[in-house]
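Asks: The structure follows.
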Protein chains: 2
Amino acid sequence: MRCTEETITDGVSERLFTLDDVPGVLWTPAGQTDLPLILIGHGGGLHKQAPPVVARARGFVSAGFAVAAIDMPGHGDRPLSAEHDQIRAGFRARMAAGEPAWQSLADYNKALVAWTVPEWQATLDALLKLGFGPVGYNGTSMGTAIGLPLTASEPRIVAAVFGLAGLESLAEAAAGLTVPVEFLLQWDDQLVSREQGLALFDAIGSAEKTLHANPGGHGDVPAFELDSSVRFFERHLR
Amino acid sequence: MRCTEETITDGVSERLFTLDDVPGVLWTPAGQTDLPLILIGHGGGLHKQAPPVVARARGFVSAGFAVAAIDMPGHGDRPLSAEHDQIRAGFRARMAAGEPAWQSLADYNKALVAWTVPEWQATLDALLKLGFGPVGYNGTSMGTAIGLPLTASEPRIVAAVFGLAGLESLAEAAAGLTVPVEFLLQWDDQLVSREQGLALFDAIGSAEKTLHANPGGHGDVPAFELDSSVRFFERHLR
């Protein structure tokens with residue numbers, strides 16, 4: 001892990017790093033280590049420093065957590081590989097031909113999971129060496145499509161906030177989850193049907209899981225859910 | 001409103017009162033007035049000082065709210081009227097004959113609503129004269145069966161926590177709600193089907209409504225939901 005730049009604003013340290021070819025960012029209260037760590041998995045089309053990611057990160061840092069995010073393949077500072085480009089073109093063509101969005105997305109997400117889970121694990125290895133932990137994961141939409149299989153296969157992640165995703169392609173990983181989960185669902189989500197979202201919550205194997213459903217579309221999660229996520233991680237990471 | 005007894009324990013004042021023939025209790029941080037007020041509607045078979053009611057009340061008082069509860073007809077210190085006894089006997093007979101629980105309960109609850117809404121309104125008149133407010137309502141199960149029609153018809157209640165109830169007999173009142181609602185649903189509720197609970201949440205007309213669903217049966221709402229209710233009322237009553 002190579003730290004390329006640190007800036008401190010309003011008491012928050014933001015360190016850019018690269019690990020192999022993966023660019024990432026680590027936020028902490030300036031000068032503090034030995035903190036619980038929250039990994040943020042960004043949504044599709046966003047990146048590690050997109051405004052919704054930064055807003056969540058700052059909320060968590062204000063509550064005394066360290067936060068890390070990395071760019072997913074083909075997002076942010078990472079180039080689109082020829083293979084990735086081909087998968088994405090196929091996904092878009094099938095959408096245009098009228099295939100249900102979830103079917104096309106499920107296949108696309110499978111490829112992303114295969115690429116990205118090892119990257120998150122290497123990032124986690126490096127961050128735990130710096131003394132951070134215990135570790136939670138926060139990511140909705142594509143951040144759940146990737147983070148749910150990651151969490152199911154990664155015993156160092158002990159609590160997770162997921163949501164805005166359906167059962168397709170995630171059933172097996174969901175059944176294997178054991179850690180506490182807070183799950184966000186948008187009641188009028190134009191990308192994920194209500195039934196698919198409820199079915200994914202239902203499939204989660206964890207003894208403690210809590211569903212938070214709110215009116216509105218995919219991008220309309222209310223601001224008070226950030227406060228709720230903070231409380232959730234306070235319960236489970238301290 | 002006649003105050004019959006005040007005790008102060010650990011900084012919490014508990015005042016028993018009667019209003020007409022209805023016995024009630026008012027909890028506040030000792031010596032404080034001019035506080036937002038939360039009305040607690042107890043569940044079926046419980047009463048104004050049943051352990052789950054007292055636990056919620058103490059949680060709210062710790063956060064700086066005043067809390068009031070009254071005994072529902074036939075509960076706590078209130079006798080069972082001949083009419084009430086007859087309705088309840090009929091309800092039990094229909095349950096025993098294999099009628100769905102919700103159908104029998106819905107009819108029983110209709111009678112309770114007709115008796116109890118005016119009692120709550122008289123209690124509210126008296127408490128607002130003492131300087132408390134703004135007002136929220138917190139009640140699940142029978143506390144929702146009564147409190148949801150109360151809230152829909154009572155503009156002085158500006159936020160409510162409901163739950164553990166289904167759509168039957170509440171559809172019209174739910175559609176008329178406009179205040180923010182936090183709605184608790186138990187995923188494996190043995191008294192309210194998941195479909196009926198989700199349908200009631202769906203029917204609520206309020207622009208801000210948030211569903212919290214957790215695994216377990218009717219009586220298994222997790223302790224952390226009290227903290228969430230406190231945060232909900234802090235958002236809307238201050």
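Just remember, in the structure tokens the first chain shown is A, the second B, etc., residues are 1-based per chain, and ligands are 1-based in the order shown.
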Can you tell me which residues surround Ala213 of chain B at a distance of at most 7 Å, considering only C-alpha atoms, apart from same-chain residues fewer than 3 positions away, and format the answer as a PDB file with all heavy atoms, in the first residue's frame?

Replies:
ATOM      1  N   THR A 210     -32.137  -6.319   9.989  1.00  0.00           N
ATOM      2  CA  THR A 210     -33.201  -5.342  10.163  1.00  0.00           C
ATOM      3  C   THR A 210     -33.406  -4.630   8.839  1.00  0.00           C
ATOM      4  O   THR A 210     -32.442  -4.173   8.206  1.00  0.00           O
ATOM      5  CB  THR A 210     -32.881  -4.396  11.345  1.00  0.00           C
ATOM      6  OG1 THR A 210     -33.980  -3.543  11.604  1.00  0.00           O
ATOM      7  CG2 THR A 210     -31.641  -3.554  11.094  1.00  0.00           C
ATOM      8  N   LEU A 211     -34.652  -4.610   8.386  1.00  0.00           N
ATOM      9  CA  LEU A 211     -35.011  -4.000   7.103  1.00  0.00           C
ATOM     10  C   LEU A 211     -35.507  -2.583   7.334  1.00  0.00           C
ATOM     11  O   LEU A 211     -36.390  -2.372   8.163  1.00  0.00           O
ATOM     12  CB  LEU A 211     -36.133  -4.822   6.452  1.00  0.00           C
ATOM     13  CG  LEU A 211     -36.828  -4.232   5.225  1.00  0.00           C
ATOM     14  CD1 LEU A 211     -35.899  -4.267   4.014  1.00  0.00           C
ATOM     15  CD2 LEU A 211     -38.121  -4.987   4.916  1.00  0.00           C
ATOM     16  N   HIS A 212     -34.946  -1.616   6.608  1.00  0.00           N
ATOM     17  CA  HIS A 212     -35.449  -0.239   6.638  1.00  0.00           C
ATOM     18  C   HIS A 212     -35.959   0.109   5.248  1.00  0.00           C
ATOM     19  O   HIS A 212     -35.168   0.244   4.309  1.00  0.00           O
ATOM     20  CB  HIS A 212     -34.332   0.739   7.040  1.00  0.00           C
ATOM     21  CG  HIS A 212     -33.966   0.667   8.486  1.00  0.00           C
ATOM     22  ND1 HIS A 212     -33.175   1.600   9.113  1.00  0.00           N
ATOM     23  CD2 HIS A 212     -34.313  -0.228   9.453  1.00  0.00           C
ATOM     24  CE1 HIS A 212     -33.043   1.283  10.389  1.00  0.00           C
ATOM     25  NE2 HIS A 212     -33.712   0.174  10.626  1.00  0.00           N
TER      26      HIS A 212
ATOM     27  N   LEU B 184     -43.165  -0.594  12.737  1.00  0.00           N
ATOM     28  CA  LEU B 184     -42.463  -1.824  13.122  1.00  0.00           C
ATOM     29  C   LEU B 184     -43.212  -3.057  12.620  1.00  0.00           C
ATOM     30  O   LEU B 184     -44.429  -3.164  12.799  1.00  0.00           O
ATOM     31  CB  LEU B 184     -42.336  -1.893  14.644  1.00  0.00           C
ATOM     32  CG  LEU B 184     -41.486  -0.792  15.266  1.00  0.00           C
ATOM     33  CD1 LEU B 184     -41.678  -0.734  16.781  1.00  0.00           C
ATOM     34  CD2 LEU B 184     -40.020  -1.033  14.929  1.00  0.00           C
ATOM     35  N   LEU B 185     -42.473  -3.966  12.004  1.00  0.00           N
ATOM     36  CA  LEU B 185     -43.071  -5.211  11.510  1.00  0.00           C
ATOM     37  C   LEU B 185     -42.187  -6.374  11.957  1.00  0.00           C
ATOM     38  O   LEU B 185     -40.963  -6.298  11.842  1.00  0.00           O
ATOM     39  CB  LEU B 185     -43.182  -5.151   9.990  1.00  0.00           C
ATOM     40  CG  LEU B 185     -43.831  -6.328   9.259  1.00  0.00           C
ATOM     41  CD1 LEU B 185     -44.564  -5.830   8.008  1.00  0.00           C
ATOM     42  CD2 LEU B 185     -42.823  -7.397   8.850  1.00  0.00           C
ATOM     43  N   GLN B 186     -42.814  -7.419  12.510  1.00  0.00           N
ATOM     44  CA  GLN B 186     -42.045  -8.618  12.855  1.00  0.00           C
ATOM     45  C   GLN B 186     -42.203  -9.640  11.735  1.00  0.00           C
ATOM     46  O   GLN B 186     -43.318 -10.014  11.370  1.00  0.00           O
ATOM     47  CB  GLN B 186     -42.499  -9.169  14.212  1.00  0.00           C
ATOM     48  CG  GLN B 186     -42.044  -8.306  15.393  1.00  0.00           C
ATOM     49  CD  GLN B 186     -40.523  -8.269  15.509  1.00  0.00           C
ATOM     50  OE1 GLN B 186     -39.882  -7.286  15.114  1.00  0.00           O
ATOM     51  NE2 GLN B 186     -39.927  -9.340  16.009  1.00  0.00           N
ATOM     52  N   TRP B 187     -41.060 -10.070  11.206  1.00  0.00           N
ATOM     53  CA  TRP B 187     -41.002 -10.871   9.976  1.00  0.00           C
ATOM     54  C   TRP B 187     -41.702 -12.221  10.139  1.00  0.00           C
ATOM     55  O   TRP B 187     -42.158 -12.806   9.164  1.00  0.00           O
ATOM     56  CB  TRP B 187     -39.525 -11.046   9.604  1.00  0.00           C
ATOM     57  CG  TRP B 187     -39.257 -11.294   8.158  1.00  0.00           C
ATOM     58  CD1 TRP B 187     -38.657 -12.411   7.614  1.00  0.00           C
ATOM     59  CD2 TRP B 187     -39.541 -10.423   7.052  1.00  0.00           C
ATOM     60  NE1 TRP B 187     -38.559 -12.269   6.252  1.00  0.00           N
ATOM     61  CE2 TRP B 187     -39.089 -11.065   5.885  1.00  0.00           C
ATOM     62  CE3 TRP B 187     -40.124  -9.158   6.944  1.00  0.00           C
ATOM     63  CZ2 TRP B 187     -39.207 -10.489   4.605  1.00  0.00           C
ATOM     64  CZ3 TRP B 187     -40.251  -8.583   5.686  1.00  0.00           C
ATOM     65  CH2 TRP B 187     -39.801  -9.245   4.528  1.00  0.00           C
TER      66      TRP B 187
END

Asks: Find the spatial neighbours of Phe162 of chain A, counting only C-alpha atoms, within a cut-off of 10 Å - ignore same-chain residues fewer than 2 positions away - and output them as a list of chain:residue names.

Replies: A:Gly41, A:Tyr137, A:Asn138, A:Gly139, A:Thr140, A:Ser141, A:Met142, A:Gly143, A:Thr144, A:Ala145, A:Gly147, A:Leu148, A:Ala159, A:Ala160, A:Leu164, A:Ala165, A:Val181, A:Glu182, A:Phe183, A:Leu184, A:Leu185, A:Phe201, A:Leu211

Asks: Set out as CSV a contact list for chain A and chain B with a cut-off of 12 Å, giving each residue of chain A that qualifies its closest atom pair and distance in Å to one decimal, counting only C-alpha atoms, ordered by chain and rising residue number.

Replies:
residue,atom,partner,partner_atom,distance
A:Pro180,CA,B:Asn214,CA,11.3
A:Val181,CA,B:Asn214,CA,10.5
A:Glu182,CA,B:Asn214,CA,9.7
A:Phe183,CA,B:Ala213,CA,9.5
A:Leu184,CA,B:His212,CA,9.7
A:Leu185,CA,B:Leu211,CA,9.3
A:Gln186,CA,B:Thr210,CA,9.8
A:Trp187,CA,B:Asp202,CA,8.5
A:Asp188,CA,B:Asp202,CA,10.5
A:Arg194,CA,B:Leu198,CA,10.8
A:Glu195,CA,B:Leu198,CA,11.2
A:Leu198,CA,B:Leu198,CA,10.2
A:Ala199,CA,B:Trp187,CA,11.8
A:Phe201,CA,B:Ala213,CA,9.6
A:Asp202,CA,B:Trp187,CA,8.5
A:Ala203,CA,B:Pro215,CA,11.5
A:Ile204,CA,B:Pro215,CA,10.6
A:Gly205,CA,B:Pro215,CA,10.6
A:Ser206,CA,B:Pro215,CA,9.6
A:Ala207,CA,B:Pro215,CA,7.6
A:Glu208,CA,B:Pro215,CA,7.3
A:Lys209,CA,B:Asn214,CA,6.2
A:Thr210,CA,B:Asn214,CA,4.8
A:Leu211,CA,B:Ala213,CA,4.8
A:His212,CA,B:His212,CA,4.8
A:Ala213,CA,B:Leu211,CA,4.8
A:Asn214,CA,B:Thr210,CA,4.8
A:Pro215,CA,B:Lys209,CA,6.9
A:Gly216,CA,B:Ala207,CA,9.4
A:Asp220,CA,B:Glu208,CA,11.8
A:Val221,CA,B:Thr210,CA,10.5
A:Pro222,CA,B:Glu208,CA,9.2
A:Ala223,CA,B:Arg235,CA,11.6
A:Phe224,CA,B:Arg235,CA,8.9
A:Glu225,CA,B:Thr210,CA,9.8
A:Asp227,CA,B:Arg231,CA,9.1
A:Ser228,CA,B:Ser228,CA,7.6
A:Ser229,CA,B:Ser228,CA,11.0
A:Val230,CA,B:Ser228,CA,11.7
A:Arg231,CA,B:Ser228,CA,8.9
A:Phe232,CA,B:Phe224,CA,9.0
A:Glu234,CA,B:Phe224,CA,11.5
A:Arg235,CA,B:Phe224,CA,8.9
A:His236,CA,B:Phe224,CA,11.7

Asks: Let's have the selection written as a PDB file, in the first residue's frame, with C-alpha atoms.

Replies:
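Resulting contents of again_39.pdb:
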ATOM      1  CA  PRO A 180     -25.695  -8.508  11.718  1.00  0.00           C
ATOM      2  CA  VAL A 181     -27.137  -6.712   8.679  1.00  0.00           C
ATOM      3  CA  GLU A 182     -29.072  -3.466   8.240  1.00  0.00           C
ATOM      4  CA  PHE A 183     -30.834  -3.609   4.872  1.00  0.00           C
ATOM      5  CA  LEU A 184     -32.137  -0.563   2.963  1.00  0.00           C
ATOM      6  CA  LEU A 185     -35.039  -0.923   0.545  1.00  0.00           C
ATOM      7  CA  GLN A 186     -36.687   1.807  -1.520  1.00  0.00           C
ATOM      8  CA  TRP A 187     -40.420   1.162  -1.739  1.00  0.00           C
ATOM      9  CA  ASP A 188     -40.698   2.564  -5.289  1.00  0.00           C
ATOM     10  CA  ARG A 194     -40.193  -4.521  -4.172  1.00  0.00           C
ATOM     11  CA  GLU A 195     -40.642  -8.291  -4.277  1.00  0.00           C
ATOM     12  CA  LEU A 198     -37.941  -8.201   0.162  1.00  0.00           C
ATOM     13  CA  ALA A 199     -36.870 -11.634  -1.093  1.00  0.00           C
ATOM     14  CA  PHE A 201     -33.834  -9.501   2.905  1.00  0.00           C
ATOM     15  CA  ASP A 202     -35.768 -12.713   3.582  1.00  0.00           C
ATOM     16  CA  ALA A 203     -32.897 -14.862   2.238  1.00  0.00           C
ATOM     17  CA  ILE A 204     -30.247 -13.344   4.508  1.00  0.00           C
ATOM     18  CA  GLY A 205     -29.176 -16.053   6.947  1.00  0.00           C
ATOM     19  CA  SER A 206     -28.058 -13.769   9.792  1.00  0.00           C
ATOM     20  CA  ALA A 207     -29.888 -14.071  13.126  1.00  0.00           C
ATOM     21  CA  GLU A 208     -29.845 -10.258  13.449  1.00  0.00           C
ATOM     22  CA  LYS A 209     -31.070  -8.465  10.351  1.00  0.00           C
ATOM     23  CA  THR A 210     -33.201  -5.342  10.163  1.00  0.00           C
ATOM     24  CA  LEU A 211     -35.011  -4.000   7.103  1.00  0.00           C
ATOM     25  CA  HIS A 212     -35.449  -0.239   6.638  1.00  0.00           C
ATOM     26  CA  ALA A 213     -37.867   0.560   3.823  1.00  0.00           C
ATOM     27  CA  ASN A 214     -38.671   4.112   2.720  1.00  0.00           C
ATOM     28  CA  PRO A 215     -40.813   5.632  -0.032  1.00  0.00           C
ATOM     29  CA  GLY A 216     -39.128   6.855  -3.212  1.00  0.00           C
ATOM     30  CA  ASP A 220     -33.977   8.626  -2.710  1.00  0.00           C
ATOM     31  CA  VAL A 221     -32.705   6.985   0.516  1.00  0.00           C
ATOM     32  CA  PRO A 222     -33.542   9.574   3.216  1.00  0.00           C
ATOM     33  CA  ALA A 223     -30.722  11.414   4.970  1.00  0.00           C
ATOM     34  CA  PHE A 224     -31.760  10.041   8.388  1.00  0.00           C
ATOM     35  CA  GLU A 225     -30.651   6.557   7.299  1.00  0.00           C
ATOM     36  CA  ASP A 227     -27.617   8.394  11.274  1.00  0.00           C
ATOM     37  CA  SER A 228     -29.187   4.951  11.592  1.00  0.00           C
ATOM     38  CA  SER A 229     -26.167   3.305   9.920  1.00  0.00           C
ATOM     39  CA  VAL A 230     -23.872   5.121  12.350  1.00  0.00           C
ATOM     40  CA  ARG A 231     -25.891   3.737  15.289  1.00  0.00           C
ATOM     41  CA  PHE A 232     -25.834   0.263  13.729  1.00  0.00           C
ATOM     42  CA  GLU A 234     -21.696   1.735  16.932  1.00  0.00           C
ATOM     43  CA  ARG A 235     -23.662  -1.272  18.242  1.00  0.00           C
ATOM     44  CA  HIS A 236     -21.528  -3.803  16.392  1.00  0.00           C
TER      45      HIS A 236
END

Asks: Could you check the closest approach to Arg94 of chain B for each of B:Pro36, B:Val25, B:Asp107, B:Glu5 and tell me which residue wins, using only C-alpha atoms?

Replies: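 Checking each of B:Pro36, B:Val25, B:Asp107, B:Glu5 against Arg94 of chain B, counting only C-alpha atoms, the winner is B:Asp107.
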
Asks: Could you jot down the atom CA of Trp27 of chain B to atom CA of Ser81 of chain B separation for me, Å, one decimal place?

Replies: 28.2 Å

Asks: For Val54 of chain B, work out the shell of residues within 12 Å, counting only C-alpha atoms and skipping chain neighbours fewer than 6 positions away, then give it as a ChimeraX atom specification.

Replies: /B:12,14,25-27,40-42,46-48,60-61,67-69,226

Asks: Go through segment 98-191 of chain A and collect every residue that DSSP, computed from the backbone, puts in strand (DSSP E); the answer should be as a PyMOL selection string.

Replies: chain A and resi 135-138+157-163+181-186

Asks: Write out as an NGL selection string which residues come within 12 Å of Ala126 of chain B when counting only C-alpha atoms, dropping same-chain ones fewer than 6 positions away.

Replies: :B and (1-3 or 17-20 or 24 or 26 or 68 or 119-120 or 132-133)

Asks: Which residues in segment 27-207 of chain B does DSSP call helix (DSSP H, G or I)? List them as a JSON list (two decimals) with C-alpha atoms, in the first residue's frame.

Replies:
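Contents of states.json, freshly written:
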[["chain", "number", "residue", "atom", "x", "y", "z"],
["B", 51, "PRO", "CA", -43.32, -3.69, 31.91],
["B", 52, "PRO", "CA", -42.98, -3.04, 28.13],
["B", 53, "VAL", "CA", -44.86, 0.26, 28.51],
["B", 54, "VAL", "CA", -42.71, 1.36, 31.46],
["B", 55, "ALA", "CA", -39.49, 0.39, 29.63],
["B", 56, "ARG", "CA", -40.47, 2.52, 26.59],
["B", 57, "ALA", "CA", -41.61, 5.37, 28.84],
["B", 58, "ARG", "CA", -38.32, 5.40, 30.75],
["B", 59, "GLY", "CA", -36.38, 5.37, 27.46],
["B", 60, "PHE", "CA", -38.28, 8.41, 26.24],
["B", 61, "VAL", "CA", -38.02, 10.26, 29.58],
["B", 62, "SER", "CA", -34.23, 9.68, 29.58],
["B", 82, "ALA", "CA", -71.12, -5.99, 30.01],
["B", 83, "GLU", "CA", -71.02, -4.80, 26.38],
["B", 84, "HIS", "CA", -67.23, -5.24, 26.20],
["B", 85, "ASP", "CA", -67.47, -8.69, 27.77],
["B", 86, "GLN", "CA", -70.08, -9.71, 25.21],
["B", 87, "ILE", "CA", -67.98, -8.49, 22.25],
["B", 88, "ARG", "CA", -64.92, -10.25, 23.61],
["B", 89, "ALA", "CA", -66.80, -13.50, 24.17],
["B", 90, "GLY", "CA", -68.05, -13.35, 20.59],
["B", 91, "PHE", "CA", -64.53, -12.67, 19.33],
["B", 92, "ARG", "CA", -63.18, -15.67, 21.24],
["B", 93, "ALA", "CA", -65.96, -17.95, 20.07],
["B", 94, "ARG", "CA", -65.30, -17.03, 16.43],
["B", 95, "MET", "CA", -61.56, -17.64, 16.92],
["B", 96, "ALA", "CA", -62.36, -21.04, 18.48],
["B", 101, "ALA", "CA", -57.65, -14.19, 13.86],
["B", 102, "TRP", "CA", -57.50, -10.91, 11.94],
["B", 103, "GLN", "CA", -61.19, -10.94, 11.04],
["B", 104, "SER", "CA", -62.29, -11.46, 14.63],
["B", 105, "LEU", "CA", -59.72, -8.99, 15.93],
["B", 106, "ALA", "CA", -60.70, -6.33, 13.40],
["B", 107, "ASP", "CA", -64.29, -6.28, 14.66],
["B", 108, "TYR", "CA", -63.16, -6.21, 18.28],
["B", 109, "ASN", "CA", -60.79, -3.35, 17.53],
["B", 110, "LYS", "CA", -63.53, -1.31, 15.88],
["B", 111, "ALA", "CA", -65.45, -1.24, 19.15],
["B", 112, "LEU", "CA", -62.29, -0.29, 21.07],
["B", 113, "VAL", "CA", -61.62, 2.60, 18.68],
["B", 114, "ALA", "CA", -65.13, 4.00, 19.16],
["B", 115, "TRP", "CA", -64.73, 3.95, 22.95],
["B", 116, "THR", "CA", -61.13, 5.02, 23.24],
["B", 117, "VAL", "CA", -60.45, 7.81, 20.73],
["B", 118, "PRO", "CA", -62.61, 10.30, 22.70],
["B", 119, "GLU", "CA", -60.80, 9.27, 25.91],
["B", 120, "TRP", "CA", -57.40, 9.95, 24.37],
["B", 121, "GLN", "CA", -58.64, 13.29, 23.07],
["B", 122, "ALA", "CA", -59.85, 14.35, 26.52],
["B", 123, "THR", "CA", -56.49, 13.27, 28.00],
["B", 124, "LEU", "CA", -54.71, 15.32, 25.35],
["B", 125, "ASP", "CA", -56.85, 18.39, 26.12],
["B", 126, "ALA", "CA", -55.82, 18.16, 29.78],
["B", 127, "LEU", "CA", -52.11, 17.52, 29.16],
["B", 128, "LEU", "CA", -51.75, 20.35, 26.65],
["B", 129, "LYS", "CA", -53.21, 22.71, 29.26],
["B", 142, "MET", "CA", -53.72, -2.99, 19.79],
["B", 143, "GLY", "CA", -51.87, 0.30, 20.34],
["B", 144, "THR", "CA", -51.84, 0.74, 16.54],
["B", 145, "ALA", "CA", -55.40, -0.54, 16.04],
["B", 146, "ILE", "CA", -56.53, 2.33, 18.26],
["B", 147, "GLY", "CA", -53.75, 4.87, 17.71],
["B", 148, "LEU", "CA", -53.80, 4.89, 13.93],
["B", 149, "PRO", "CA", -57.44, 6.06, 13.67],
["B", 150, "LEU", "CA", -56.74, 8.43, 16.59],
["B", 151, "THR", "CA", -53.75, 9.97, 14.79],
["B", 152, "ALA", "CA", -55.61, 10.22, 11.48],
["B", 153, "SER", "CA", -58.40, 12.23, 13.14],
["B", 171, "ALA", "CA", -57.15, 0.89, 5.41],
["B", 172, "GLU", "CA", -59.22, 4.06, 5.45],
["B", 173, "ALA", "CA", -57.50, 5.61, 8.48],
["B", 174, "ALA", "CA", -54.06, 4.68, 7.07],
["B", 175, "ALA", "CA", -54.79, 6.42, 3.78],
["B", 194, "ARG", "CA", -46.22, -10.53, 6.67],
["B", 195, "GLU", "CA", -48.45, -9.62, 3.71],
["B", 196, "GLN", "CA", -50.99, -7.84, 5.95],
["B", 197, "GLY", "CA", -48.27, -5.89, 7.77],
["B", 198, "LEU", "CA", -46.58, -4.82, 4.52],
["B", 199, "ALA", "CA", -49.99, -3.88, 3.09],
["B", 200, "LEU", "CA", -50.69, -1.61, 6.06],
["B", 201, "PHE", "CA", -47.31, 0.11, 5.66],
["B", 202, "ASP", "CA", -48.02, 0.48, 1.95],
["B", 203, "ALA", "CA", -51.45, 2.02, 2.63]]

Asks: Need the shell around Val135 of chain B: protein/DNA/RNA residues with any atom at most 8 Å away, counting only C-alpha atoms. Skip same-chain ones fewer than 3 positions apart. Format as a list in words?

Replies: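 The residues satisfying every condition are Pro36, Leu37, Ile38, Leu39, Phe132, Arg156, Ile157, Val158, Ala159 and Leu237 of chain B.
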
Asks: Choose the residue, out of B:Gly44, B:Ala66, B:Pro79, B:Asp34, that has the smallest atom-to-atom separation from Asp21 of chain B; count only C-alpha atoms.

Replies: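 Counting only C-alpha atoms, the residue closest to Asp21 of chain B is B:Pro79.
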